[in-house]
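Data block for input06.tsv (TSV, N, CA and C atoms):
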```tsv
chain	number	residue	atom	x	y	z
A	28	VAL	N	119.17	96.06	99.41
A	28	VAL	CA	119.53	97.30	100.10
A	28	VAL	C	120.40	96.96	101.30
A	29	GLN	N	121.48	97.70	101.44
A	29	GLN	CA	122.34	97.52	102.59
A	29	GLN	C	122.53	98.85	103.30
A	30	LEU	N	122.46	98.80	104.62
A	30	LEU	CA	122.68	99.98	105.44
A	30	LEU	C	123.82	99.67	106.40
A	31	GLN	N	124.76	100.58	106.46
A	31	GLN	CA	125.92	100.41	107.34
A	31	GLN	C	125.95	101.56	108.32
A	32	ALA	N	125.65	101.25	109.59
A	32	ALA	CA	125.66	102.27	110.63
A	32	ALA	C	127.01	102.26	111.34
A	33	SER	N	127.45	103.43	111.74
A	33	SER	CA	128.71	103.55	112.45
A	33	SER	C	128.69	104.79	113.32
A	34	GLY	N	129.71	104.93	114.16
A	34	GLY	CA	129.85	106.12	114.97
A	34	GLY	C	129.53	105.93	116.44
A	35	GLY	N	129.05	104.76	116.80
A	35	GLY	CA	128.78	104.51	118.20
A	35	GLY	C	130.04	104.45	119.03
A	36	GLY	N	129.88	104.46	120.34
A	36	GLY	CA	131.02	104.41	121.23
A	36	GLY	C	130.60	104.70	122.65
A	37	SER	N	131.60	104.92	123.48
A	37	SER	CA	131.37	105.23	124.89
A	37	SER	C	131.68	106.69	125.14
A	38	VAL	N	130.80	107.34	125.88
A	38	VAL	CA	130.96	108.76	126.17
A	38	VAL	C	130.39	109.05	127.55
A	39	GLN	N	130.90	110.07	128.17
A	39	GLN	CA	130.35	110.49	129.46
A	39	GLN	C	129.10	111.33	129.26
A	40	ALA	N	128.28	111.35	130.28
A	40	ALA	CA	127.07	112.17	130.24
A	40	ALA	C	127.42	113.61	129.90
A	41	GLY	N	126.61	114.20	129.05
A	41	GLY	CA	126.87	115.56	128.59
A	41	GLY	C	127.68	115.63	127.31
A	42	GLY	N	128.24	114.51	126.91
A	42	GLY	CA	129.05	114.46	125.71
A	42	GLY	C	128.23	114.34	124.44
A	43	SER	N	128.95	114.20	123.33
A	43	SER	CA	128.31	114.14	122.01
A	43	SER	C	128.87	113.00	121.18
A	44	LEU	N	128.03	112.51	120.28
A	44	LEU	CA	128.44	111.54	119.28
A	44	LEU	C	127.66	111.82	118.01
A	45	MET	N	128.25	111.46	116.88
A	45	MET	CA	127.52	111.54	115.61
A	45	MET	C	127.51	110.15	114.98
A	46	LEU	N	126.32	109.66	114.73
A	46	LEU	CA	126.15	108.40	114.04
A	46	LEU	C	125.97	108.65	112.55
A	47	SER	N	126.47	107.71	111.76
A	47	SER	CA	126.31	107.78	110.31
A	47	SER	C	125.67	106.49	109.81
A	48	CYS	N	124.95	106.60	108.72
A	48	CYS	CA	124.32	105.44	108.11
A	48	CYS	C	124.47	105.59	106.59
A	49	VAL	N	125.27	104.71	106.01
A	49	VAL	CA	125.50	104.73	104.57
A	49	VAL	C	124.62	103.68	103.91
A	50	ALA	N	123.88	104.09	102.88
A	50	ALA	CA	122.97	103.20	102.19
A	50	ALA	C	123.51	102.86	100.81
A	51	SER	N	123.23	101.65	100.38
A	51	SER	CA	123.60	101.23	99.03
A	51	SER	C	122.51	100.33	98.47
A	52	GLY	N	122.42	100.29	97.15
A	52	GLY	CA	121.48	99.40	96.50
A	52	GLY	C	120.09	99.96	96.35
A	53	ARG	N	119.91	101.25	96.57
A	53	ARG	CA	118.59	101.86	96.45
A	53	ARG	C	118.76	103.33	96.12
A	54	THR	N	117.74	103.91	95.54
A	54	THR	CA	117.79	105.35	95.27
A	54	THR	C	117.57	106.10	96.57
A	55	PHE	N	118.68	106.38	97.23
A	55	PHE	CA	118.64	106.95	98.57
A	55	PHE	C	117.90	108.28	98.59
A	56	SER	N	118.05	109.06	97.56
A	56	SER	CA	117.49	110.41	97.55
A	56	SER	C	115.97	110.43	97.47
A	57	LYS	N	115.34	109.28	97.26
A	57	LYS	CA	113.88	109.25	97.11
A	57	LYS	C	113.17	108.53	98.25
A	58	ILE	N	113.85	108.31	99.34
A	58	ILE	CA	113.23	107.60	100.46
A	58	ILE	C	113.48	108.32	101.77
A	59	GLY	N	112.56	108.14	102.70
A	59	GLY	CA	112.76	108.66	104.03
A	59	GLY	C	113.70	107.75	104.83
A	60	MET	N	114.26	108.31	105.89
A	60	MET	CA	115.17	107.55	106.76
A	60	MET	C	114.76	107.75	108.20
A	61	GLY	N	115.10	106.77	109.02
A	61	GLY	CA	114.80	106.88	110.44
A	61	GLY	C	115.90	106.28	111.28
A	62	TRP	N	115.93	106.70	112.53
A	62	TRP	CA	116.82	106.12	113.53
A	62	TRP	C	115.96	105.60	114.68
A	63	PHE	N	116.29	104.41	115.13
A	63	PHE	CA	115.63	103.80	116.28
A	63	PHE	C	116.72	103.35	117.25
A	64	ARG	N	116.30	103.01	118.46
A	64	ARG	CA	117.25	102.46	119.42
A	64	ARG	C	116.57	101.37	120.24
A	65	GLN	N	117.40	100.51	120.79
A	65	GLN	CA	116.86	99.38	121.53
A	65	GLN	C	117.81	98.99	122.65
A	66	THR	N	117.22	98.70	123.81
A	66	THR	CA	117.97	98.17	124.94
A	66	THR	C	117.46	96.77	125.23
A	67	PRO	N	118.26	95.95	125.89
A	67	PRO	CA	117.86	94.55	126.15
A	67	PRO	C	116.51	94.46	126.86
A	68	GLY	N	115.64	93.61	126.35
A	68	GLY	CA	114.36	93.38	126.97
A	68	GLY	C	113.29	94.39	126.63
A	69	LYS	N	113.64	95.37	125.82
A	69	LYS	CA	112.67	96.41	125.45
A	69	LYS	C	112.43	96.42	123.95
A	70	GLU	N	111.31	96.99	123.56
A	70	GLU	CA	111.00	97.10	122.14
A	70	GLU	C	111.85	98.20	121.51
A	71	ARG	N	111.98	98.07	120.20
A	71	ARG	CA	112.72	99.09	119.47
A	71	ARG	C	111.97	100.41	119.55
A	72	GLU	N	112.69	101.47	119.86
A	72	GLU	CA	112.09	102.77	120.14
A	72	GLU	C	112.46	103.78	119.06
A	73	PHE	N	111.48	104.52	118.60
A	73	PHE	CA	111.71	105.56	117.61
A	73	PHE	C	112.57	106.68	118.20
A	74	VAL	N	113.51	107.18	117.40
A	74	VAL	CA	114.34	108.31	117.81
A	74	VAL	C	114.09	109.51	116.92
A	75	ALA	N	114.25	109.34	115.61
A	75	ALA	CA	114.11	110.47	114.69
A	75	ALA	C	113.87	109.95	113.28
A	76	ALA	N	113.27	110.80	112.45
A	76	ALA	CA	113.03	110.46	111.06
A	76	ALA	C	113.21	111.71	110.21
A	77	ILE	N	113.54	111.50	108.94
A	77	ILE	CA	113.76	112.62	108.03
A	77	ILE	C	113.20	112.28	106.67
A	78	SER	N	112.62	113.27	106.00
A	78	SER	CA	112.05	113.06	104.68
A	78	SER	C	113.14	112.99	103.62
A	79	TRP	N	112.74	112.68	102.41
A	79	TRP	CA	113.69	112.45	101.32
A	79	TRP	C	114.52	113.69	100.99
A	80	THR	N	113.97	114.86	101.16
A	80	THR	CA	114.73	116.09	100.87
A	80	THR	C	115.43	116.62	102.11
A	81	GLY	N	115.06	116.10	103.26
A	81	GLY	CA	115.59	116.64	104.51
A	81	GLY	C	114.80	117.80	105.05
A	82	SER	N	113.73	118.19	104.37
A	82	SER	CA	112.98	119.37	104.79
A	82	SER	C	112.06	119.11	105.97
A	83	THR	N	111.72	117.86	106.20
A	83	THR	CA	110.82	117.51	107.30
A	83	THR	C	111.50	116.51	108.22
A	84	THR	N	111.45	116.79	109.51
A	84	THR	CA	112.03	115.88	110.50
A	84	THR	C	111.03	115.62	111.62
A	85	HIS	N	111.20	114.50	112.26
A	85	HIS	CA	110.39	114.12	113.41
A	85	HIS	C	111.33	113.63	114.50
A	86	TYR	N	110.98	113.91	115.74
A	86	TYR	CA	111.80	113.47	116.87
A	86	TYR	C	110.93	112.91	117.99
A	87	ALA	N	111.49	111.93	118.68
A	87	ALA	CA	110.87	111.49	119.92
A	87	ALA	C	111.01	112.61	120.95
A	88	ASP	N	110.04	112.71	121.83
A	88	ASP	CA	110.08	113.76	122.85
A	88	ASP	C	111.34	113.65	123.70
A	89	SER	N	111.81	112.45	123.91
A	89	SER	CA	112.95	112.22	124.79
A	89	SER	C	114.26	112.76	124.23
A	90	VAL	N	114.31	113.01	122.93
A	90	VAL	CA	115.56	113.48	122.32
A	90	VAL	C	115.43	114.85	121.67
A	91	ARG	N	114.22	115.34	121.55
A	91	ARG	CA	114.02	116.63	120.87
A	91	ARG	C	114.82	117.72	121.57
A	92	GLY	N	115.52	118.50	120.77
A	92	GLY	CA	116.35	119.57	121.31
A	92	GLY	C	117.77	119.14	121.61
A	93	ARG	N	118.02	117.84	121.64
A	93	ARG	CA	119.37	117.32	121.90
A	93	ARG	C	119.95	116.60	120.68
A	94	PHE	N	119.10	115.92	119.93
A	94	PHE	CA	119.53	115.16	118.76
A	94	PHE	C	119.09	115.88	117.49
A	95	THR	N	119.89	115.72	116.45
A	95	THR	CA	119.54	116.29	115.15
A	95	THR	C	119.77	115.25	114.06
A	96	ILE	N	118.74	114.99	113.29
A	96	ILE	CA	118.86	114.08	112.16
A	96	ILE	C	119.09	114.91	110.89
A	97	SER	N	119.94	114.40	110.02
A	97	SER	CA	120.21	115.09	108.77
A	97	SER	C	120.59	114.06	107.72
A	98	ARG	N	120.77	114.52	106.48
A	98	ARG	CA	121.15	113.60	105.42
A	98	ARG	C	121.95	114.33	104.36
A	99	ASP	N	122.76	113.57	103.67
A	99	ASP	CA	123.55	114.08	102.54
A	99	ASP	C	123.27	113.13	101.39
A	100	ASN	N	122.34	113.51	100.52
A	100	ASN	CA	121.91	112.59	99.46
A	100	ASN	C	123.03	112.22	98.48
A	101	PRO	N	123.87	113.16	98.04
A	101	PRO	CA	124.96	112.75	97.14
A	101	PRO	C	125.89	111.71	97.76
A	102	LYS	N	125.97	111.67	99.09
A	102	LYS	CA	126.83	110.69	99.77
A	102	LYS	C	126.05	109.47	100.25
A	103	ASN	N	124.75	109.42	99.96
A	103	ASN	CA	123.89	108.31	100.39
A	103	ASN	C	124.00	108.06	101.89
A	104	THR	N	124.06	109.13	102.65
A	104	THR	CA	124.32	109.00	104.08
A	104	THR	C	123.32	109.80	104.90
A	105	ALA	N	122.87	109.18	105.98
A	105	ALA	CA	122.05	109.86	106.98
A	105	ALA	C	122.87	109.95	108.27
A	106	TYR	N	122.59	110.99	109.04
A	106	TYR	CA	123.35	111.24	110.26
A	106	TYR	C	122.41	111.43	111.45
A	107	LEU	N	122.95	111.16	112.61
A	107	LEU	CA	122.25	111.50	113.85
A	107	LEU	C	123.26	112.12	114.78
A	108	GLN	N	123.18	113.44	114.92
A	108	GLN	CA	124.05	114.16	115.84
A	108	GLN	C	123.40	114.12	117.22
A	109	MET	N	124.12	113.60	118.18
A	109	MET	CA	123.58	113.44	119.53
A	109	MET	C	124.40	114.29	120.49
A	110	ASN	N	123.75	115.28	121.09
A	110	ASN	CA	124.39	116.16	122.05
A	110	ASN	C	123.76	115.99	123.42
A	111	SER	N	124.45	116.49	124.43
A	111	SER	CA	123.93	116.43	125.80
A	111	SER	C	123.45	115.03	126.15
A	112	LEU	N	124.26	114.07	125.86
A	112	LEU	CA	123.86	112.68	126.05
A	112	LEU	C	123.65	112.36	127.53
A	113	LYS	N	122.69	111.49	127.75
A	113	LYS	CA	122.33	111.06	129.10
A	113	LYS	C	122.51	109.55	129.22
A	114	PRO	N	122.71	109.04	130.43
A	114	PRO	CA	122.83	107.58	130.58
A	114	PRO	C	121.65	106.82	129.99
A	115	GLU	N	120.46	107.41	130.04
A	115	GLU	CA	119.28	106.73	129.48
A	115	GLU	C	119.28	106.68	127.96
A	116	ASP	N	120.24	107.34	127.32
A	116	ASP	CA	120.39	107.23	125.87
A	116	ASP	C	121.18	105.99	125.48
A	117	THR	N	121.73	105.28	126.45
A	117	THR	CA	122.49	104.07	126.17
A	117	THR	C	121.60	103.04	125.48
A	118	ALA	N	122.05	102.57	124.32
A	118	ALA	CA	121.26	101.62	123.54
A	118	ALA	C	122.04	101.24	122.28
A	119	VAL	N	121.53	100.26	121.58
A	119	VAL	CA	121.99	99.99	120.22
A	119	VAL	C	121.12	100.83	119.29
A	120	TYR	N	121.75	101.61	118.45
A	120	TYR	CA	121.05	102.50	117.53
A	120	TYR	C	121.04	101.89	116.14
A	121	TYR	N	119.85	101.91	115.53
A	121	TYR	CA	119.66	101.35	114.20
A	121	TYR	C	119.16	102.41	113.24
A	122	CYS	N	119.67	102.39	112.03
A	122	CYS	CA	119.08	103.21	110.98
A	122	CYS	C	118.19	102.32	110.12
A	123	ALA	N	117.22	102.94	109.49
A	123	ALA	CA	116.27	102.19	108.68
A	123	ALA	C	115.74	103.06	107.55
A	124	THR	N	115.32	102.40	106.48
A	124	THR	CA	114.74	103.13	105.36
A	124	THR	C	113.22	103.04	105.39
A	125	TYR	N	112.59	104.14	105.04
A	125	TYR	CA	111.15	104.17	104.89
A	125	TYR	C	110.85	103.98	103.41
A	126	PRO	N	109.83	103.18	103.07
A	126	PRO	CA	109.66	102.80	101.66
A	126	PRO	C	109.24	103.89	100.70
A	127	THR	N	108.83	105.04	101.19
A	127	THR	CA	108.46	106.13	100.30
A	127	THR	C	109.19	107.41	100.70
A	128	TYR	N	108.76	108.52	100.13
A	128	TYR	CA	109.49	109.77	100.31
A	128	TYR	C	109.58	110.24	101.76
A	129	TYR	N	108.53	110.01	102.50
A	129	TYR	CA	108.54	110.46	103.89
A	129	TYR	C	107.45	109.71	104.66
A	130	CYS	N	107.62	109.66	105.96
A	130	CYS	CA	106.58	109.11	106.81
A	130	CYS	C	105.74	110.27	107.34
A	131	SER	N	104.55	109.93	107.82
A	131	SER	CA	103.64	110.96	108.27
A	131	SER	C	103.03	110.56	109.59
A	132	GLY	N	103.13	111.44	110.56
A	132	GLY	CA	102.50	111.21	111.85
A	132	GLY	C	102.98	109.94	112.52
A	133	PHE	N	102.02	109.14	112.98
A	133	PHE	CA	102.36	107.94	113.74
A	133	PHE	C	103.09	106.90	112.92
A	134	GLU	N	103.04	107.01	111.60
A	134	GLU	CA	103.81	106.08	110.76
A	134	GLU	C	105.29	106.14	111.10
A	135	CYS	N	105.76	107.33	111.42
A	135	CYS	CA	107.19	107.50	111.66
A	135	CYS	C	107.65	106.74	112.90
A	136	TYR	N	106.77	106.56	113.83
A	136	TYR	CA	107.13	105.99	115.12
A	136	TYR	C	107.10	104.46	115.14
A	137	ASP	N	106.52	103.85	114.12
A	137	ASP	CA	106.30	102.41	114.11
A	137	ASP	C	107.41	101.72	113.31
A	138	PRO	N	108.25	100.92	113.96
A	138	PRO	CA	109.32	100.24	113.22
A	138	PRO	C	108.81	99.33	112.12
A	139	ALA	N	107.58	98.85	112.24
A	139	ALA	CA	107.02	97.97	111.21
A	139	ALA	C	106.80	98.70	109.89
A	140	GLU	N	106.79	100.03	109.91
A	140	GLU	CA	106.59	100.80	108.68
A	140	GLU	C	107.88	100.93	107.86
A	141	TYR	N	109.02	100.58	108.44
A	141	TYR	CA	110.31	100.70	107.78
A	141	TYR	C	110.68	99.35	107.17
A	142	ASP	N	111.39	99.40	106.03
A	142	ASP	CA	111.58	98.14	105.33
A	142	ASP	C	112.99	97.56	105.41
A	143	TYR	N	114.00	98.36	105.48
A	143	TYR	CA	115.36	97.83	105.59
A	143	TYR	C	116.07	98.44	106.79
A	144	TRP	N	116.92	97.62	107.42
A	144	TRP	CA	117.58	98.01	108.66
A	144	TRP	C	119.08	97.79	108.59
A	145	GLY	N	119.80	98.68	109.24
A	145	GLY	CA	121.23	98.48	109.42
A	145	GLY	C	121.49	97.52	110.56
A	146	GLN	N	122.76	97.26	110.82
A	146	GLN	CA	123.14	96.25	111.80
A	146	GLN	C	123.18	96.78	113.22
A	147	GLY	N	123.10	98.07	113.39
A	147	GLY	CA	123.11	98.65	114.73
A	147	GLY	C	124.51	99.05	115.17
A	148	THR	N	124.56	100.11	115.95
A	148	THR	CA	125.82	100.57	116.53
A	148	THR	C	125.55	100.94	118.00
A	149	LEU	N	126.42	100.49	118.88
A	149	LEU	CA	126.20	100.63	120.31
A	149	LEU	C	126.67	101.98	120.81
A	150	VAL	N	125.79	102.63	121.56
A	150	VAL	CA	126.11	103.89	122.23
A	150	VAL	C	126.00	103.66	123.73
A	151	THR	N	127.06	103.95	124.45
A	151	THR	CA	127.07	103.79	125.89
A	151	THR	C	127.40	105.13	126.54
A	152	VAL	N	126.50	105.59	127.40
A	152	VAL	CA	126.70	106.87	128.08
A	152	VAL	C	126.84	106.60	129.57
A	153	SER	N	127.96	106.99	130.13
A	153	SER	CA	128.21	106.75	131.55
A	153	SER	C	127.97	108.03	132.34
A	154	SER	N	127.55	107.85	133.56
A	154	SER	CA	127.24	109.00	134.42
A	154	SER	C	128.48	109.49	135.16
```
Starting from the file, give its structure as structure tokens.
Amino acid sequence: VQLQASGGGSVQAGGSLMLSCVASGRTFSKIGMGWFRQTPGKEREFVAAISWTGSTTHYADSVRGRFTISRDNPKNTAYLQMNSLKPEDTAVYYCATYPTYYCSGFECYDPAEYDYWGQGTLVTVSS
């Protein structure tokens, strides 16, 4: 399984970015997806997750209402629309696959529950 994340960049506070994650080598439409982020010296932090159909989503409290996770199964792609960005959103963002149709509860928040990871894309938000 390969995941290719893209869309990162530099933006001013209040701006927007959309991240994309293209998956190959797996039946994308039958697995959950997640986005995490990480800054130097800190553990990887959960951002958002989406079920295989896209009908169920989960968000970290820190991004709820500002970020939106979505997916396009025919394109094998997951997205993370990030609005109203803040300097504290600065991080390397990673997409990951969940091994079954969807995660549930605290499973979604634990990076150890995800099995494949993309290479990460850097998001920098300046004040």
### Message
I need the residue nearest Trp62 of chain A from this list: A:Gly132, A:Tyr143, A:Tyr121, A:Gly36. Use all atoms listed in the file for the distance.
### Response
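Looking only at the distances to Trp62 of chain A, the closest residue turns out to be A:Tyr121.
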#### Entry: Nearest-residue call for Lys57 of chain A, choices A:Tyr86, A:Tyr129, A:Tyr136, A:Phe73, using only N, CA and C atoms
A:Tyr129
Backbone DSSP call of strand (DSSP E or B) for chain A, listed as a short mmCIF file (atom, residue, chain, number, x, y, z; two decimals) with N, CA and C atoms, keeping the file's coordinate frame:
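result.cif written:
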```cif
data_model
loop_
_atom_site.label_atom_id
_atom_site.label_comp_id
_atom_site.auth_asym_id
_atom_site.auth_seq_id
_atom_site.Cartn_x
_atom_site.Cartn_y
_atom_site.Cartn_z
N GLN A 29 121.48 97.70 101.44
CA GLN A 29 122.34 97.52 102.59
C GLN A 29 122.53 98.85 103.30
N LEU A 30 122.46 98.80 104.62
CA LEU A 30 122.68 99.98 105.44
C LEU A 30 123.82 99.67 106.40
N GLN A 31 124.76 100.58 106.46
CA GLN A 31 125.92 100.41 107.34
C GLN A 31 125.95 101.56 108.32
N ALA A 32 125.65 101.25 109.59
CA ALA A 32 125.66 102.27 110.63
C ALA A 32 127.01 102.26 111.34
N SER A 33 127.45 103.43 111.74
CA SER A 33 128.71 103.55 112.45
C SER A 33 128.69 104.79 113.32
N GLY A 36 129.88 104.46 120.34
CA GLY A 36 131.02 104.41 121.23
C GLY A 36 130.60 104.70 122.65
N SER A 37 131.60 104.92 123.48
CA SER A 37 131.37 105.23 124.89
C SER A 37 131.68 106.69 125.14
N VAL A 38 130.80 107.34 125.88
CA VAL A 38 130.96 108.76 126.17
C VAL A 38 130.39 109.05 127.55
N GLN A 39 130.90 110.07 128.17
CA GLN A 39 130.35 110.49 129.46
C GLN A 39 129.10 111.33 129.26
N LEU A 44 128.03 112.51 120.28
CA LEU A 44 128.44 111.54 119.28
C LEU A 44 127.66 111.82 118.01
N MET A 45 128.25 111.46 116.88
CA MET A 45 127.52 111.54 115.61
C MET A 45 127.51 110.15 114.98
N LEU A 46 126.32 109.66 114.73
CA LEU A 46 126.15 108.40 114.04
C LEU A 46 125.97 108.65 112.55
N SER A 47 126.47 107.71 111.76
CA SER A 47 126.31 107.78 110.31
C SER A 47 125.67 106.49 109.81
N CYS A 48 124.95 106.60 108.72
CA CYS A 48 124.32 105.44 108.11
C CYS A 48 124.47 105.59 106.59
N VAL A 49 125.27 104.71 106.01
CA VAL A 49 125.50 104.73 104.57
C VAL A 49 124.62 103.68 103.91
N ALA A 50 123.88 104.09 102.88
CA ALA A 50 122.97 103.20 102.19
C ALA A 50 123.51 102.86 100.81
N SER A 51 123.23 101.65 100.38
CA SER A 51 123.60 101.23 99.03
C SER A 51 122.51 100.33 98.47
N GLY A 59 112.56 108.14 102.70
CA GLY A 59 112.76 108.66 104.03
C GLY A 59 113.70 107.75 104.83
N MET A 60 114.26 108.31 105.89
CA MET A 60 115.17 107.55 106.76
C MET A 60 114.76 107.75 108.20
N GLY A 61 115.10 106.77 109.02
CA GLY A 61 114.80 106.88 110.44
C GLY A 61 115.90 106.28 111.28
N TRP A 62 115.93 106.70 112.53
CA TRP A 62 116.82 106.12 113.53
C TRP A 62 115.96 105.60 114.68
N PHE A 63 116.29 104.41 115.13
CA PHE A 63 115.63 103.80 116.28
C PHE A 63 116.72 103.35 117.25
N ARG A 64 116.30 103.01 118.46
CA ARG A 64 117.25 102.46 119.42
C ARG A 64 116.57 101.37 120.24
N GLN A 65 117.40 100.51 120.79
CA GLN A 65 116.86 99.38 121.53
C GLN A 65 117.81 98.99 122.65
N GLU A 72 112.69 101.47 119.86
CA GLU A 72 112.09 102.77 120.14
C GLU A 72 112.46 103.78 119.06
N PHE A 73 111.48 104.52 118.60
CA PHE A 73 111.71 105.56 117.61
C PHE A 73 112.57 106.68 118.20
N VAL A 74 113.51 107.18 117.40
CA VAL A 74 114.34 108.31 117.81
C VAL A 74 114.09 109.51 116.92
N ALA A 75 114.25 109.34 115.61
CA ALA A 75 114.11 110.47 114.69
C ALA A 75 113.87 109.95 113.28
N ALA A 76 113.27 110.80 112.45
CA ALA A 76 113.03 110.46 111.06
C ALA A 76 113.21 111.71 110.21
N ILE A 77 113.54 111.50 108.94
CA ILE A 77 113.76 112.62 108.03
C ILE A 77 113.20 112.28 106.67
N THR A 84 111.45 116.79 109.51
CA THR A 84 112.03 115.88 110.50
C THR A 84 111.03 115.62 111.62
N HIS A 85 111.20 114.50 112.26
CA HIS A 85 110.39 114.12 113.41
C HIS A 85 111.33 113.63 114.50
N TYR A 86 110.98 113.91 115.74
CA TYR A 86 111.80 113.47 116.87
C TYR A 86 110.93 112.91 117.99
N ARG A 91 114.22 115.34 121.55
CA ARG A 91 114.02 116.63 120.87
C ARG A 91 114.82 117.72 121.57
N PHE A 94 119.10 115.92 119.93
CA PHE A 94 119.53 115.16 118.76
C PHE A 94 119.09 115.88 117.49
N THR A 95 119.89 115.72 116.45
CA THR A 95 119.54 116.29 115.15
C THR A 95 119.77 115.25 114.06
N ILE A 96 118.74 114.99 113.29
CA ILE A 96 118.86 114.08 112.16
C ILE A 96 119.09 114.91 110.89
N SER A 97 119.94 114.40 110.02
CA SER A 97 120.21 115.09 108.77
C SER A 97 120.59 114.06 107.72
N ARG A 98 120.77 114.52 106.48
CA ARG A 98 121.15 113.60 105.42
C ARG A 98 121.95 114.33 104.36
N ASP A 99 122.76 113.57 103.67
CA ASP A 99 123.55 114.08 102.54
C ASP A 99 123.27 113.13 101.39
N THR A 104 124.06 109.13 102.65
CA THR A 104 124.32 109.00 104.08
C THR A 104 123.32 109.80 104.90
N ALA A 105 122.87 109.18 105.98
CA ALA A 105 122.05 109.86 106.98
C ALA A 105 122.87 109.95 108.27
N TYR A 106 122.59 110.99 109.04
CA TYR A 106 123.35 111.24 110.26
C TYR A 106 122.41 111.43 111.45
N LEU A 107 122.95 111.16 112.61
CA LEU A 107 122.25 111.50 113.85
C LEU A 107 123.26 112.12 114.78
N GLN A 108 123.18 113.44 114.92
CA GLN A 108 124.05 114.16 115.84
C GLN A 108 123.40 114.12 117.22
N MET A 109 124.12 113.60 118.18
CA MET A 109 123.58 113.44 119.53
C MET A 109 124.40 114.29 120.49
N ALA A 118 122.05 102.57 124.32
CA ALA A 118 121.26 101.62 123.54
C ALA A 118 122.04 101.24 122.28
N VAL A 119 121.53 100.26 121.58
CA VAL A 119 121.99 99.99 120.22
C VAL A 119 121.12 100.83 119.29
N TYR A 120 121.75 101.61 118.45
CA TYR A 120 121.05 102.50 117.53
C TYR A 120 121.04 101.89 116.14
N TYR A 121 119.85 101.91 115.53
CA TYR A 121 119.66 101.35 114.20
C TYR A 121 119.16 102.41 113.24
N CYS A 122 119.67 102.39 112.03
CA CYS A 122 119.08 103.21 110.98
C CYS A 122 118.19 102.32 110.12
N ALA A 123 117.22 102.94 109.49
CA ALA A 123 116.27 102.19 108.68
C ALA A 123 115.74 103.06 107.55
N THR A 124 115.32 102.40 106.48
CA THR A 124 114.74 103.13 105.36
C THR A 124 113.22 103.04 105.39
N TYR A 125 112.59 104.14 105.04
CA TYR A 125 111.15 104.17 104.89
C TYR A 125 110.85 103.98 103.41
N TYR A 143 114.00 98.36 105.48
CA TYR A 143 115.36 97.83 105.59
C TYR A 143 116.07 98.44 106.79
N TRP A 144 116.92 97.62 107.42
CA TRP A 144 117.58 98.01 108.66
C TRP A 144 119.08 97.79 108.59
N THR A 148 124.56 100.11 115.95
CA THR A 148 125.82 100.57 116.53
C THR A 148 125.55 100.94 118.00
N LEU A 149 126.42 100.49 118.88
CA LEU A 149 126.20 100.63 120.31
C LEU A 149 126.67 101.98 120.81
N VAL A 150 125.79 102.63 121.56
CA VAL A 150 126.11 103.89 122.23
C VAL A 150 126.00 103.66 123.73
N THR A 151 127.06 103.95 124.45
CA THR A 151 127.07 103.79 125.89
C THR A 151 127.40 105.13 126.54
N VAL A 152 126.50 105.59 127.40
CA VAL A 152 126.70 106.87 128.08
C VAL A 152 126.84 106.60 129.57
N SER A 153 127.96 106.99 130.13
CA SER A 153 128.21 106.75 131.55
C SER A 153 127.97 108.03 132.34
#
```
#### Entry: Nearest-residue call for Met109 of chain A, choices A:Ser56, A:Thr80, A:Thr95, A:Thr66, using only N, CA and C atoms
A:Thr95
### Message
When you count all atoms listed in the file, which of these residues is closest to Asp142 of chain A: A:Ala40, A:Met60, A:Thr124, A:Cys130?
### Response
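Result for the nearest residue to Asp142 of chain A: A:Thr124.
Among the candidate residues A:Trp144, A:Phe55, A:Phe94, A:Tyr125, the one lying nearest to Ser111 of chain A is A:Phe94, with distances computed using only N, CA and C atoms.
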### Message
I'd like to know which of A:Ile96, A:Ile58, A:Ala50, A:Ala123 is closest to Val28 of chain A, using only N, CA and C atoms.
### Response
A:Ala50
Filled-in N, CA, C and O atoms of segment 136-142 of chain A, supplied as a PDB file, keeping the file's coordinate frame:
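As written to disk, selection-v2.pdb reads:
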```
ATOM      1  N   TYR A 136     106.770 106.560 113.830  1.00  0.00           N
ATOM      2  CA  TYR A 136     107.130 105.990 115.120  1.00  0.00           C
ATOM      3  C   TYR A 136     107.100 104.460 115.140  1.00  0.00           C
ATOM      4  O   TYR A 136     107.612 103.853 116.068  1.00  0.00           O
ATOM      5  N   ASP A 137     106.520 103.850 114.120  1.00  0.00           N
ATOM      6  CA  ASP A 137     106.300 102.410 114.110  1.00  0.00           C
ATOM      7  C   ASP A 137     107.410 101.720 113.310  1.00  0.00           C
ATOM      8  O   ASP A 137     107.503 101.898 112.102  1.00  0.00           O
ATOM      9  N   PRO A 138     108.250 100.920 113.960  1.00  0.00           N
ATOM     10  CA  PRO A 138     109.320 100.240 113.220  1.00  0.00           C
ATOM     11  C   PRO A 138     108.810  99.330 112.120  1.00  0.00           C
ATOM     12  O   PRO A 138     109.534  99.063 111.157  1.00  0.00           O
ATOM     13  N   ALA A 139     107.580  98.850 112.240  1.00  0.00           N
ATOM     14  CA  ALA A 139     107.020  97.970 111.210  1.00  0.00           C
ATOM     15  C   ALA A 139     106.800  98.700 109.890  1.00  0.00           C
ATOM     16  O   ALA A 139     106.643  98.051 108.844  1.00  0.00           O
ATOM     17  N   GLU A 140     106.790 100.030 109.910  1.00  0.00           N
ATOM     18  CA  GLU A 140     106.590 100.800 108.680  1.00  0.00           C
ATOM     19  C   GLU A 140     107.880 100.930 107.860  1.00  0.00           C
ATOM     20  O   GLU A 140     107.842 101.348 106.714  1.00  0.00           O
ATOM     21  N   TYR A 141     109.020 100.580 108.440  1.00  0.00           N
ATOM     22  CA  TYR A 141     110.310 100.700 107.780  1.00  0.00           C
ATOM     23  C   TYR A 141     110.680  99.350 107.170  1.00  0.00           C
ATOM     24  O   TYR A 141     110.353  98.297 107.720  1.00  0.00           O
ATOM     25  N   ASP A 142     111.390  99.400 106.030  1.00  0.00           N
ATOM     26  CA  ASP A 142     111.580  98.140 105.330  1.00  0.00           C
ATOM     27  C   ASP A 142     112.990  97.560 105.410  1.00  0.00           C
ATOM     28  O   ASP A 142     113.140  96.326 105.394  1.00  0.00           O
TER      29      ASP A 142
END
```
